[in-house]
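*Asks:* This one is model.cif, mmCIF, C-alpha atoms and all ligand atoms.
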```cif
data_coords
#
loop_
_atom_site.label_atom_id
_atom_site.label_comp_id
_atom_site.auth_asym_id
_atom_site.auth_seq_id
_atom_site.Cartn_x
_atom_site.Cartn_y
_atom_site.Cartn_z
CA MET A 199 -55.36 -5.98 4.62
CA ASN A 200 -55.70 -4.04 1.46
CA PRO A 201 -54.66 -6.38 -1.42
CA GLU A 202 -54.03 -3.35 -3.68
CA LYS A 203 -51.29 -2.05 -1.46
CA LYS A 204 -48.19 -4.07 -2.32
CA SER A 205 -45.17 -3.35 -0.18
CA VAL A 206 -42.35 -1.87 -2.26
CA PRO A 207 -39.19 -3.94 -1.76
CA LYS A 208 -36.48 -2.00 -0.01
CA GLU A 209 -33.36 -1.03 -1.90
CA LYS A 210 -30.55 -3.45 -1.05
CA VAL A 211 -27.23 -1.81 -0.26
CA ALA A 212 -23.97 -3.68 0.32
CA LEU A 213 -21.73 -1.73 2.70
CA ALA A 214 -17.96 -2.12 3.02
CA TYR A 215 -18.03 -2.62 6.77
CA SER A 216 -14.96 -2.50 9.01
CA GLY A 217 -16.47 -2.77 12.47
CA GLY A 218 -15.25 0.74 13.33
CA LEU A 219 -17.22 3.82 14.26
CA ASP A 220 -17.99 5.27 10.81
CA THR A 221 -19.34 2.11 9.23
CA SER A 222 -21.24 1.09 12.38
CA VAL A 223 -23.02 4.43 12.44
CA ALA A 224 -23.53 4.09 8.67
CA ILE A 225 -25.62 0.91 9.02
CA LYS A 226 -28.15 2.58 11.30
CA TRP A 227 -28.04 5.97 9.56
CA MET A 228 -28.61 4.55 6.07
CA GLN A 229 -31.56 2.48 7.27
CA ASP A 230 -33.13 5.52 8.91
CA ASN A 231 -32.34 8.04 6.18
CA TYR A 232 -32.46 6.03 2.96
CA GLY A 233 -34.99 3.43 4.13
CA CYS A 234 -32.81 0.74 2.64
CA GLU A 235 -31.74 -2.76 3.62
CA VAL A 236 -28.06 -2.89 4.58
CA ILE A 237 -25.83 -5.90 3.99
CA ALA A 238 -22.52 -5.63 5.85
CA VAL A 239 -19.48 -7.03 4.08
CA CYS A 240 -16.16 -7.17 5.85
CA VAL A 241 -13.15 -8.01 3.71
CA ASP A 242 -10.21 -9.58 5.50
CA VAL A 243 -6.97 -8.13 4.11
CA GLY A 244 -5.00 -9.12 7.19
CA GLN A 245 -6.17 -6.45 9.62
CA PRO A 246 -5.80 -7.94 13.10
CA ASP A 247 -9.36 -7.08 14.25
CA ASP A 248 -11.82 -9.71 15.41
CA LEU A 249 -13.94 -9.75 12.27
CA ASN A 250 -16.40 -12.36 13.52
CA ASP A 251 -17.21 -10.11 16.42
CA ALA A 252 -17.59 -7.22 13.95
CA MET A 253 -20.09 -9.32 12.00
CA ARG A 254 -22.13 -10.07 15.08
CA ARG A 255 -22.20 -6.35 15.92
CA ALA A 256 -23.28 -5.44 12.38
CA ARG A 257 -26.36 -7.60 12.74
CA GLU A 258 -27.04 -6.22 16.20
CA ILE A 259 -27.02 -2.71 14.72
CA GLY A 260 -29.49 -3.81 12.08
CA ALA A 261 -27.71 -5.21 9.03
CA SER A 262 -29.96 -7.79 7.39
CA ARG A 263 -26.98 -10.00 6.66
CA SER A 264 -23.28 -9.85 7.34
CA PHE A 265 -20.29 -11.54 5.76
CA VAL A 266 -16.57 -11.86 6.34
CA ILE A 267 -14.64 -12.55 3.15
CA ASP A 268 -11.10 -13.85 3.58
CA ALA A 269 -9.15 -12.15 0.80
CA LYS A 270 -5.68 -12.45 2.34
CA LYS A 271 -4.24 -14.83 -0.27
CA GLU A 272 -5.61 -12.78 -3.14
CA PHE A 273 -4.32 -9.63 -1.47
CA VAL A 274 -0.81 -11.07 -1.30
CA GLU A 275 -0.70 -12.56 -4.77
CA GLU A 276 -2.69 -10.09 -6.85
CA TYR A 277 -2.12 -6.82 -5.01
CA ILE A 278 1.00 -6.91 -2.82
CA PHE A 279 3.23 -8.82 -5.25
CA PRO A 280 2.51 -6.57 -8.23
CA SER A 281 3.33 -3.56 -6.02
CA LEU A 282 6.51 -5.28 -4.88
CA LYS A 283 7.55 -5.96 -8.48
CA ALA A 284 7.24 -2.20 -9.00
CA ASN A 285 8.93 -1.35 -5.64
CA ALA A 286 5.91 0.91 -5.21
CA LEU A 287 6.52 3.67 -2.67
CA TYR A 288 4.37 6.79 -2.85
CA GLU A 289 6.51 9.91 -2.70
CA GLY A 290 9.46 7.60 -2.28
CA ARG A 291 8.40 6.40 1.17
CA TYR A 292 4.88 5.04 1.71
CA PRO A 293 4.42 1.38 0.65
CA LEU A 294 0.70 2.02 -0.11
CA SER A 295 -0.58 -0.42 2.52
CA THR A 296 -3.99 1.25 2.68
CA ALA A 297 -4.13 2.29 -0.96
CA ILE A 298 -3.75 -1.19 -2.46
CA SER A 299 -6.28 -2.78 -0.12
CA ARG A 300 -9.12 -0.54 -1.32
CA PRO A 301 -9.49 -1.89 -4.88
CA LEU A 302 -9.59 -5.44 -3.50
CA ILE A 303 -12.18 -4.56 -0.86
CA ALA A 304 -14.19 -2.87 -3.63
CA LYS A 305 -13.90 -5.94 -5.86
CA LYS A 306 -15.07 -8.34 -3.14
CA LEU A 307 -17.90 -6.00 -2.16
CA VAL A 308 -19.09 -5.67 -5.75
CA GLU A 309 -19.00 -9.46 -6.24
CA LYS A 310 -21.08 -9.96 -3.10
CA ALA A 311 -23.49 -7.16 -3.99
CA LEU A 312 -24.15 -8.60 -7.44
CA SER A 313 -24.54 -12.16 -6.15
CA LEU A 314 -27.15 -11.02 -3.62
CA GLY A 315 -29.06 -8.83 -6.02
CA ALA A 316 -28.10 -5.57 -4.33
CA THR A 317 -28.43 -2.48 -6.51
CA ALA A 318 -26.10 -0.21 -4.56
CA VAL A 319 -22.82 -0.26 -2.70
CA ALA A 320 -21.67 2.00 0.12
CA HIS A 321 -18.50 2.93 1.97
CA GLY A 322 -17.72 4.83 5.16
CA CYS A 323 -15.00 7.19 3.90
CA THR A 324 -14.98 10.89 4.59
CA ALA A 325 -14.82 13.68 2.03
CA LYS A 326 -11.24 14.62 2.84
CA GLY A 327 -9.43 11.37 2.19
CA ASN A 328 -8.09 9.34 -0.69
CA ASP A 329 -10.05 6.22 0.13
CA GLN A 330 -13.39 7.57 -1.10
CA VAL A 331 -11.77 8.04 -4.50
CA ARG A 332 -10.18 4.59 -4.51
CA PHE A 333 -13.47 2.91 -3.58
CA GLU A 334 -15.68 4.80 -5.95
CA VAL A 335 -13.38 4.67 -8.96
CA SER A 336 -13.06 0.92 -8.37
CA PHE A 337 -16.86 0.51 -8.07
CA MET A 338 -17.34 2.53 -11.26
CA SER A 339 -14.80 0.45 -13.15
CA LEU A 340 -16.05 -2.93 -11.93
CA ALA A 341 -19.83 -2.45 -11.96
CA PRO A 342 -20.90 0.88 -13.44
CA GLU A 343 -24.56 -0.11 -12.98
CA LEU A 344 -24.36 -0.03 -9.17
CA LYS A 345 -25.41 3.08 -7.29
CA ILE A 346 -22.89 4.43 -4.79
CA TYR A 347 -23.64 5.80 -1.34
CA ALA A 348 -21.18 7.65 0.87
CA PRO A 349 -23.20 8.39 4.04
CA THR A 350 -20.21 9.70 6.00
CA ARG A 351 -19.87 12.46 3.44
CA GLU A 352 -23.51 13.42 3.81
CA TRP A 353 -24.47 13.25 7.42
CA GLY A 354 -22.49 16.27 8.61
CA MET A 355 -21.53 14.80 11.97
CA ASN A 356 -18.02 15.21 13.31
CA ARG A 357 -16.29 12.38 15.11
CA SER A 358 -17.51 13.27 18.56
CA GLU A 359 -21.07 13.74 17.28
CA GLU A 360 -20.78 10.29 15.74
CA VAL A 361 -19.81 8.89 19.14
CA ASP A 362 -22.88 10.64 20.60
CA TYR A 363 -25.05 9.15 17.84
CA ALA A 364 -23.65 5.68 18.53
CA GLU A 365 -24.28 6.08 22.25
CA LYS A 366 -27.80 7.46 21.74
CA HIS A 367 -28.76 4.52 19.53
CA LYS A 368 -26.82 2.07 21.69
CA LEU A 369 -24.72 0.89 18.77
CA PRO A 370 -22.20 -1.71 19.87
CA CYS A 371 -18.97 -0.25 18.52
CA PRO A 372 -15.68 -0.23 20.35
CA VAL A 373 -14.73 3.41 19.71
CA THR A 374 -14.98 6.05 22.38
CA LYS A 375 -14.07 9.72 22.41
CA LYS A 376 -10.83 8.66 24.10
CA SER A 377 -9.42 6.72 21.15
CA ILE A 378 -7.40 9.46 19.56
CA TYR A 379 -5.83 7.87 16.50
CA SER A 380 -7.51 6.92 13.26
CA ILE A 381 -5.98 3.60 12.28
CA ASP A 382 -6.06 1.52 9.13
CA GLU A 383 -4.34 -1.85 8.84
CA SER A 384 -3.65 -4.46 6.19
CA LEU A 385 -0.99 -7.15 5.80
CA TRP A 386 1.22 -4.59 4.04
CA GLY A 387 1.19 -2.14 6.95
CA ARG A 388 -0.49 0.05 9.50
CA ALA A 389 -1.38 3.74 9.13
CA ALA A 390 -2.08 6.14 11.98
CA GLU A 391 -3.50 9.65 11.73
CA CYS A 392 -5.14 12.27 14.00
CA GLY A 393 -4.69 13.26 17.64
CA PRO A 394 -1.19 14.50 18.48
CA LEU A 395 -0.02 13.52 14.98
CA ASP A 396 -2.02 16.39 13.45
CA ASP A 397 0.77 18.77 14.48
CA PRO A 398 3.71 17.88 12.22
CA TRP A 399 6.13 19.27 14.79
CA ASN A 400 5.12 16.70 17.43
CA GLU A 401 7.26 13.60 17.59
CA PRO A 402 4.92 10.60 17.29
CA PRO A 403 4.23 9.34 20.82
CA GLU A 404 5.17 5.68 21.42
CA ASP A 405 1.49 4.78 21.76
CA ALA A 406 0.98 5.67 18.09
CA PHE A 407 2.90 2.48 17.23
CA LYS A 408 1.69 -1.06 17.58
CA TRP A 409 3.55 -3.27 15.11
CA THR A 410 7.09 -2.12 15.81
CA SER A 411 9.22 -1.70 18.87
CA SER A 412 11.16 1.47 19.36
CA PRO A 413 14.69 0.94 18.02
CA LYS A 414 15.96 1.90 21.47
CA ASP A 415 14.17 -1.12 22.97
CA SER A 416 14.87 -3.45 20.06
CA PRO A 417 17.34 -6.37 20.40
CA ASP A 418 21.02 -5.48 20.75
CA LYS A 419 21.95 -8.34 18.44
CA PRO A 420 21.03 -8.22 14.72
CA ASP A 421 19.06 -10.91 12.95
CA TYR A 422 20.14 -11.94 9.46
CA VAL A 423 17.59 -13.24 6.96
CA GLU A 424 18.00 -14.63 3.46
CA ILE A 425 15.11 -13.91 1.15
CA ALA A 426 14.96 -15.85 -2.12
CA PHE A 427 13.08 -14.42 -5.11
CA GLU A 428 11.84 -16.15 -8.24
CA LYS A 429 10.85 -13.85 -11.07
CA GLY A 430 10.41 -10.97 -8.65
CA ILE A 431 8.35 -12.91 -6.12
CA PRO A 432 9.71 -13.85 -2.70
CA VAL A 433 9.46 -17.62 -2.33
CA ALA A 434 11.76 -18.71 0.49
CA LEU A 435 13.06 -17.46 3.80
CA ASP A 436 16.41 -18.78 5.06
CA GLY A 437 16.30 -21.57 2.51
CA LYS A 438 12.81 -22.71 3.47
CA LYS A 439 9.97 -22.43 0.95
CA VAL A 440 7.16 -20.29 2.34
CA THR A 441 3.88 -18.94 1.03
CA GLY A 442 3.69 -15.21 0.47
CA LEU A 443 1.26 -14.89 3.35
CA GLU A 444 3.57 -16.73 5.77
CA LEU A 445 6.56 -14.71 4.65
CA ILE A 446 4.84 -11.37 5.13
CA LYS A 447 3.48 -12.32 8.54
CA THR A 448 6.90 -13.59 9.66
CA LEU A 449 8.70 -10.48 8.43
CA ASN A 450 6.14 -8.16 10.01
CA GLU A 451 6.96 -9.78 13.36
CA LEU A 452 10.69 -10.15 12.97
CA ALA A 453 11.45 -6.80 11.34
CA GLY A 454 8.85 -5.17 13.61
CA LYS A 455 10.74 -6.49 16.62
CA HIS A 456 13.84 -4.67 15.32
CA GLY A 457 11.92 -1.41 14.94
CA ILE A 458 11.99 -1.53 11.14
CA GLY A 459 9.38 0.11 8.93
CA ARG A 460 8.44 3.22 10.88
CA ILE A 461 7.68 6.03 8.47
CA ASP A 462 6.74 9.55 9.56
CA MET A 463 5.92 11.76 6.61
CA ILE A 464 4.02 14.70 5.24
CA GLU A 465 2.02 13.28 2.37
CA ASN A 466 0.26 14.93 -0.56
CA ARG A 467 -3.26 13.60 -0.77
CA LEU A 468 -5.08 13.32 -4.06
CA VAL A 469 -7.73 15.68 -2.71
CA GLY A 470 -5.27 18.55 -2.40
CA ILE A 471 -4.52 18.36 1.31
CA LYS A 472 -1.16 17.73 2.94
CA SER A 473 -1.44 15.26 5.78
CA ARG A 474 0.91 13.92 8.41
CA GLU A 475 1.01 10.16 8.31
CA VAL A 476 2.71 7.67 10.56
CA TYR A 477 3.14 4.20 9.12
CA GLU A 478 4.51 0.92 10.31
CA CYS A 479 5.36 -1.38 7.42
CA PRO A 480 8.08 -3.78 8.59
CA ALA A 481 7.62 -6.52 5.97
CA ALA A 482 6.96 -4.08 3.13
CA VAL A 483 10.07 -2.00 3.82
CA THR A 484 12.25 -5.12 4.18
CA LEU A 485 10.91 -6.80 1.05
CA ILE A 486 11.00 -3.71 -1.16
CA SER A 487 14.63 -3.03 -0.13
CA ALA A 488 15.57 -6.63 -0.86
CA HIS A 489 13.73 -6.76 -4.18
CA ALA A 490 15.04 -3.43 -5.45
CA ASP A 491 18.56 -4.45 -4.54
CA LEU A 492 18.35 -7.75 -6.40
CA GLU A 493 17.20 -5.84 -9.46
CA THR A 494 20.42 -3.85 -9.43
CA LEU A 495 22.32 -7.11 -9.86
CA VAL A 496 20.34 -8.55 -12.76
CA MET A 497 19.11 -5.58 -14.82
CA THR A 498 21.05 -3.59 -17.37
CA LYS A 499 21.69 0.03 -16.46
CA ASP A 500 19.29 1.57 -18.96
CA LEU A 501 16.48 -0.84 -18.08
CA LEU A 502 16.98 -0.27 -14.38
CA HIS A 503 17.00 3.52 -14.73
CA TYR A 504 13.92 3.45 -16.94
CA LYS A 505 12.11 1.16 -14.53
CA ARG A 506 12.89 3.38 -11.54
CA LYS A 507 11.20 6.30 -13.30
CA MET A 508 8.19 4.21 -14.18
CA GLU A 509 7.93 2.98 -10.59
CA GLN A 510 7.12 6.49 -9.45
CA ASP A 511 4.28 6.76 -11.94
CA TYR A 512 3.08 3.32 -10.91
CA ALA A 513 3.03 4.31 -7.22
CA ASP A 514 1.12 7.52 -8.08
CA LEU A 515 -1.40 5.50 -10.02
CA LEU A 516 -2.04 3.15 -7.09
CA TYR A 517 -2.22 6.03 -4.65
CA ASN A 518 -4.66 7.87 -6.88
CA GLY A 519 -7.14 5.00 -7.06
CA LEU A 520 -6.59 3.91 -10.65
CA TRP A 521 -5.98 0.21 -9.91
CA PHE A 522 -8.56 -0.94 -12.46
CA SER A 523 -7.31 1.15 -15.36
CA PRO A 524 -5.78 0.40 -18.76
CA LEU A 525 -2.59 2.25 -17.80
CA LYS A 526 -2.17 0.10 -14.70
CA GLU A 527 -2.66 -3.08 -16.73
CA SER A 528 -0.10 -1.94 -19.28
CA MET A 529 2.42 -1.01 -16.62
CA ASP A 530 1.90 -4.41 -14.98
CA ALA A 531 2.90 -6.04 -18.26
CA PHE A 532 6.15 -4.07 -18.15
CA MET A 533 6.76 -4.91 -14.48
CA ASP A 534 6.08 -8.62 -15.06
CA TYR A 535 8.35 -8.73 -18.08
CA THR A 536 11.23 -6.93 -16.40
CA ASN A 537 10.87 -9.13 -13.32
CA GLN A 538 11.51 -12.31 -15.31
CA HIS A 539 15.18 -12.03 -14.42
CA VAL A 540 14.71 -11.06 -10.79
CA THR A 541 15.68 -14.45 -9.42
CA GLY A 542 18.21 -14.86 -6.64
CA THR A 543 18.81 -14.41 -2.94
CA VAL A 544 19.29 -11.31 -0.81
CA ARG A 545 20.83 -11.36 2.63
CA MET A 546 19.56 -8.71 5.01
CA LYS A 547 20.68 -7.50 8.38
CA LEU A 548 17.83 -6.41 10.63
CA PHE A 549 19.06 -4.17 13.38
CA LYS A 550 17.98 -1.09 15.36
CA GLY A 551 15.37 0.26 12.98
CA SER A 552 16.94 -0.58 9.66
CA ALA A 553 16.87 -3.45 7.20
CA VAL A 554 20.15 -3.32 5.32
CA VAL A 555 21.12 -5.48 2.37
CA VAL A 556 24.50 -7.04 3.11
CA GLY A 557 24.69 -9.61 0.30
CA ARG A 558 23.04 -10.59 -2.94
CA LYS A 559 23.50 -13.38 -5.49
CA SER A 560 21.75 -14.61 -8.61
CA PRO A 561 22.23 -17.22 -11.32
CA LEU A 562 21.30 -14.40 -13.71
CA SER A 563 23.68 -11.85 -12.22
CA LEU A 564 25.20 -9.37 -14.67
CA TYR A 565 27.96 -8.58 -12.21
CA ASP A 566 31.30 -9.66 -13.70
CA GLU A 567 34.23 -9.77 -11.34
CA GLY A 568 36.62 -10.10 -14.28
CA LEU A 569 35.44 -6.73 -15.56
CA VAL A 570 35.50 -4.89 -12.27
CA THR A 571 38.63 -6.25 -10.58
CA TYR A 572 41.96 -4.41 -10.34
CA GLN A 573 43.66 -7.67 -9.42
CA THR A 574 44.78 -10.54 -11.65
CA GLY A 575 42.05 -11.95 -13.86
CA ASP A 576 41.14 -8.52 -15.27
CA VAL A 577 39.43 -8.98 -18.65
CA PHE A 578 38.50 -5.34 -19.36
CA ASP A 579 40.07 -3.92 -22.53
CA HIS A 580 41.91 -0.87 -21.20
CA THR A 581 42.79 0.41 -24.68
CA SER A 582 39.09 0.95 -25.47
CA ALA A 583 38.66 3.59 -22.76
CA LYS A 584 40.50 6.35 -24.62
CA GLY A 585 38.38 6.15 -27.80
CA PHE A 586 35.20 5.85 -25.77
CA ILE A 587 35.94 9.02 -23.82
CA TYR A 588 36.83 10.89 -27.05
CA VAL A 589 33.41 10.11 -28.56
CA TRP A 590 31.49 10.52 -25.32
CA GLY A 591 32.97 13.94 -24.55
CA LEU A 592 32.90 15.25 -28.10
CA PRO A 593 29.54 17.11 -27.98
CA SER A 594 30.54 18.89 -24.75
CA LYS A 595 33.93 19.78 -26.20
CA VAL A 596 32.40 21.24 -29.37
CA ALA A 597 29.83 23.24 -27.38
CA SER A 598 32.52 24.62 -25.12
CA VAL A 599 34.73 25.66 -28.00
CA VAL A 600 31.82 27.57 -29.57
CA LYS A 601 30.88 29.21 -26.23
CA LYS A 602 34.44 30.36 -25.64
CA LYS A 603 34.70 31.73 -29.16
CA LYS A 604 31.47 33.72 -28.69
CA ALA A 605 32.69 35.17 -25.38
CA GLY A 606 35.96 36.13 -27.15
CA ASP A 607 34.04 37.81 -30.00
CA LYS A 608 31.99 39.89 -27.51
CA GLY A 609 35.09 40.90 -25.55
CA ALA A 610 36.87 42.04 -28.67
N1 LIG A 701 -2.92 8.41 3.90
C1 LIG A 701 -2.91 7.01 3.62
C2 LIG A 701 -3.53 6.74 2.27
O1 LIG A 701 -4.20 7.57 1.76
C3 LIG A 701 -3.51 6.17 4.70
C4 LIG A 701 -4.84 6.51 5.20
C5 LIG A 701 -5.17 5.61 6.32
N2 LIG A 701 -6.41 5.85 6.95
C6 LIG A 701 -6.53 6.02 8.28
N3 LIG A 701 -7.71 6.06 8.77
N4 LIG A 701 -5.51 6.12 9.06
O2 LIG A 701 -3.37 5.69 1.71
#
```
Output the file's structure in the form of structure tokens.
*Replies:*
Amino acid sequence: MNPEKKSVPKEKVALAYSGGLDTSVAIKWMQDNYGCEVIAVCVDVGQPDDLNDAMRRAREIGASRSFVIDAKKEFVEEYIFPSLKANALYEGRYPLSTAISRPLIAKKLVEKALSLGATAVAHGCTAKGNDQVRFEVSFMSLAPELKIYAPTREWGMNRSEEVDYAEKHKLPCPVTKKSIYSIDESLWGRAAECGPLDDPWNEPPEDAFKWTSSPKDSPDKPDYVEIAFEKGIPVALDGKKVTGLELIKTLNELAGKHGIGRIDMIENRLVGIKSREVYECPAAVTLISAHADLETLVMTKDLLHYKRKMEQDYADLLYNGLWFSPLKESMDAFMDYTNQHVTGTVRMKLFKGSAVVVGRKSPLSLYDEGLVTYQTGDVFDHTSAKGFIYVWGLPSKVASVVKKKKAGDKGA
């Protein structure tokens, strides 16, 4: 052995590994093309996959180490609940189930990378999606010193060539050319893309759904649930205290059984493309409807209207990968503050594809029966209405008088 010739230590790269095709191929491809050591990190945000099996496969493919990090509780408390407080729905419909999991996966990956002395992180996202942006902006914000690799963007293989690559190198990954949908799951929902869904005219085939039954096969009797909120956070179901994680799992099953939470939409991606997305978000849709409804009972009109506008900006921000940004932090302060009064109970009817609010109550309710009733007990001062309308309508009256006068002048 030549004592002069020291072996250069390999670069250590921590990869956000899912167990799917892209990241399985990425382990082998990065080793071969970058000559690096790959550490596979799988973050559990409630996706129903067998993550221990994924870990075993990562090592079989060649990862030097592999980890599963259970981040479900953090996901619920630090990611789902803030989104719920903001009723966050991208383009008014998508509860951001994929979008809000990415910053957390990035955070856990960065923590692991730094603790193991890795100098780079990697993800398996393609060049056409939003997730590459969400991952990389999160990496940049959390640990600007780490290098970022995106092998999927570089290798130039399409999906079927990836399957060939996996077969050629005997990589143990469950995907075959037959699996047509691209799926992403977290506790907050399931997203499906590709295959027959690529044509926006095609009705989603039943096999595109997994969490929800078709409303036509759902129970013929409704289920009623009572969801109690404290300061904007759901804390009890039917009078029984539950953890956020339990509540979301229960609602995913129960509302899913009633066919609730199916969303079929054309979505505007951050990268300029329109895509057809099919989501199943039973718990998210149920909880956001309940939460937003309770707000209508306890918030003043101007606050509520202002908040609804801000919610759209908040949803855009999450969609666009700016979770770790000063604007997001500032908006969270607003959402937390306005949610201080969102305490009470909402009664929902789950039936044939919809979750409908049928009752709401709160110790902080601003609803005053004495003001609204036409029956006895009316406390509204009827004499005030006339003066109010005079002042309220005055600007329009003045403008109209001037307009009419001008038209008269021209005609003359
Ligand atoms: N379009 C959604 C988003 O950008 C979901 C993407 C889900 N990914 C998938 N492979 N189906 O958040």
*Asks:* Name each residue within 8 Å of ligand LIG 701 (chain A), counting only C-alpha atoms and all ligand atoms, as an MDAnalysis selection string.
*Replies:* chainID A and resid 294:297 327:329 379:383 388:392 465 467 473 475 517
*Asks:* In terms of the shortest atom-to-atom distance over only C-alpha atoms, which of A:Arg254, A:Leu443, A:Val308, A:Phe549 is closest to A:Glu272?
*Replies:* A:Leu443
*Asks:* Which polymer residues have any atom within 6 Å of an atom of stretch 502-515 of chain A, counting all atoms listed in the file, with same-chain residues fewer than 2 positions away left out, as a list in words?
*Replies:*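 With the cut-off at 6 Å, the set is Ala284, Ala286, Leu287, Tyr288, Met497, Lys499, Asp500, Tyr517, Asn518 and Leu520 of chain A.
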*Asks:* Measure the distance from atom CA of A:Asn400 to atom CA of A:Ile458 in Å and round it to one decimal.
*Replies:*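 Computing it gives 20.5 Å between the two atoms.
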*Asks:* Name the residues in contact with A:Ile267 at a cut-off of 12 Å, using only C-alpha atoms, excluding same-chain residues fewer than 6 positions from it; report them as a PyMOL selection string.
*Replies:* chain A and resi 214-216+238-244+249-250+253+273+302-307+309-310
*Asks:* Please produce a file of those selected residues containing C-alpha atoms, as a short mmCIF file (atom, residue, chain, number, x, y, z; two decimals), keeping the file's coordinate frame.
*Replies:*
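Produced file selection.cif, reproduced below:
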```cif
data_model
loop_
_atom_site.label_atom_id
_atom_site.label_comp_id
_atom_site.auth_asym_id
_atom_site.auth_seq_id
_atom_site.Cartn_x
_atom_site.Cartn_y
_atom_site.Cartn_z
CA ALA A 214 -17.96 -2.12 3.02
CA TYR A 215 -18.03 -2.62 6.77
CA SER A 216 -14.96 -2.50 9.01
CA ALA A 238 -22.52 -5.63 5.85
CA VAL A 239 -19.48 -7.03 4.08
CA CYS A 240 -16.16 -7.17 5.85
CA VAL A 241 -13.15 -8.01 3.71
CA ASP A 242 -10.21 -9.58 5.50
CA VAL A 243 -6.97 -8.13 4.11
CA GLY A 244 -5.00 -9.12 7.19
CA LEU A 249 -13.94 -9.75 12.27
CA ASN A 250 -16.40 -12.36 13.52
CA MET A 253 -20.09 -9.32 12.00
CA PHE A 273 -4.32 -9.63 -1.47
CA LEU A 302 -9.59 -5.44 -3.50
CA ILE A 303 -12.18 -4.56 -0.86
CA ALA A 304 -14.19 -2.87 -3.63
CA LYS A 305 -13.90 -5.94 -5.86
CA LYS A 306 -15.07 -8.34 -3.14
CA LEU A 307 -17.90 -6.00 -2.16
CA GLU A 309 -19.00 -9.46 -6.24
CA LYS A 310 -21.08 -9.96 -3.10
#
```
*Asks:* With a distance cut-off of 12 Å and all atoms listed in the file, select the neighbouring residues of A:Lys366, excluding the residue or stretch itself and same-chain residues fewer than 5 positions from it, and output the selection as a PyMOL selection string.
*Replies:* chain A and resi 223+226+359-361
*Asks:* Which is closer to A:Glu289 than all the others in A:Thr484, A:Glu275, A:Gly387, A:Asn466, using all atoms listed in the file?
*Replies:*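 Residue with the minimum atom-to-atom distance to A:Glu289: A:Asn466.
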*Asks:* Contacts of A:Thr536 at 10 Å or less, counting only C-alpha atoms, minus same-chain residues fewer than 2 places along, as an NGL selection string?
*Replies:* :A and (283-284 or 429-430 or 493 or 496-497 or 501-502 or 505 or 530-534 or 538-540)
*Asks:* What is the atom CA of A:Ile425-atom CA of A:Glu404 distance in Å, reported with one decimal?
*Replies:*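 Taking atom CA of A:Ile425 and atom CA of A:Glu404, their separation equals 29.9 Å.
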*Asks:* Would you mind telling me which residue in A:Gly217, A:Gly575, A:Pro207, A:Pro342 lies nearest to A:Cys234 when using only C-alpha atoms?
*Replies:*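 Closest residue, counting only C-alpha atoms: A:Pro207.
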*Asks:* Let me make sure I understand: among A:Arg257, A:Lys208, A:Lys559, A:Lys602, which one has the smallest atom-to-atom distance to A:Glu235 if we use only C-alpha atoms?
*Replies:* A:Lys208
*Asks:* Quick one: residues within 12 Å of A:Glu451, only C-alpha atoms counted, chain neighbours fewer than 5 positions away excluded, as a list in words?
*Replies:*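 Counting only the stated atoms, we get Leu385, Gly387, Lys408, Trp409, Thr410, Ser411, Glu444, Leu445, Ile446, His456, Gly457, Ile458, Gly459, Glu478, Cys479, Pro480, Ala481, Ala482, Thr484 and Leu548 of chain A.
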*Asks:* Measuring between all atoms listed in the file, which one of A:Thr574, A:Ser336, A:Thr324, A:Ser594 shows the shortest distance to A:Thr350?
*Replies:*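 For A:Thr350, the nearest of the given residues is A:Thr324.
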*Asks:* With only C-alpha atoms as the atoms that count, which of A:Val211, A:Leu282, A:Gly393, A:Cys371 lies nearest to A:Ala318?
*Replies:*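 Comparing A:Val211, A:Leu282, A:Gly393, A:Cys371 against A:Ala318, the winner is A:Val211.
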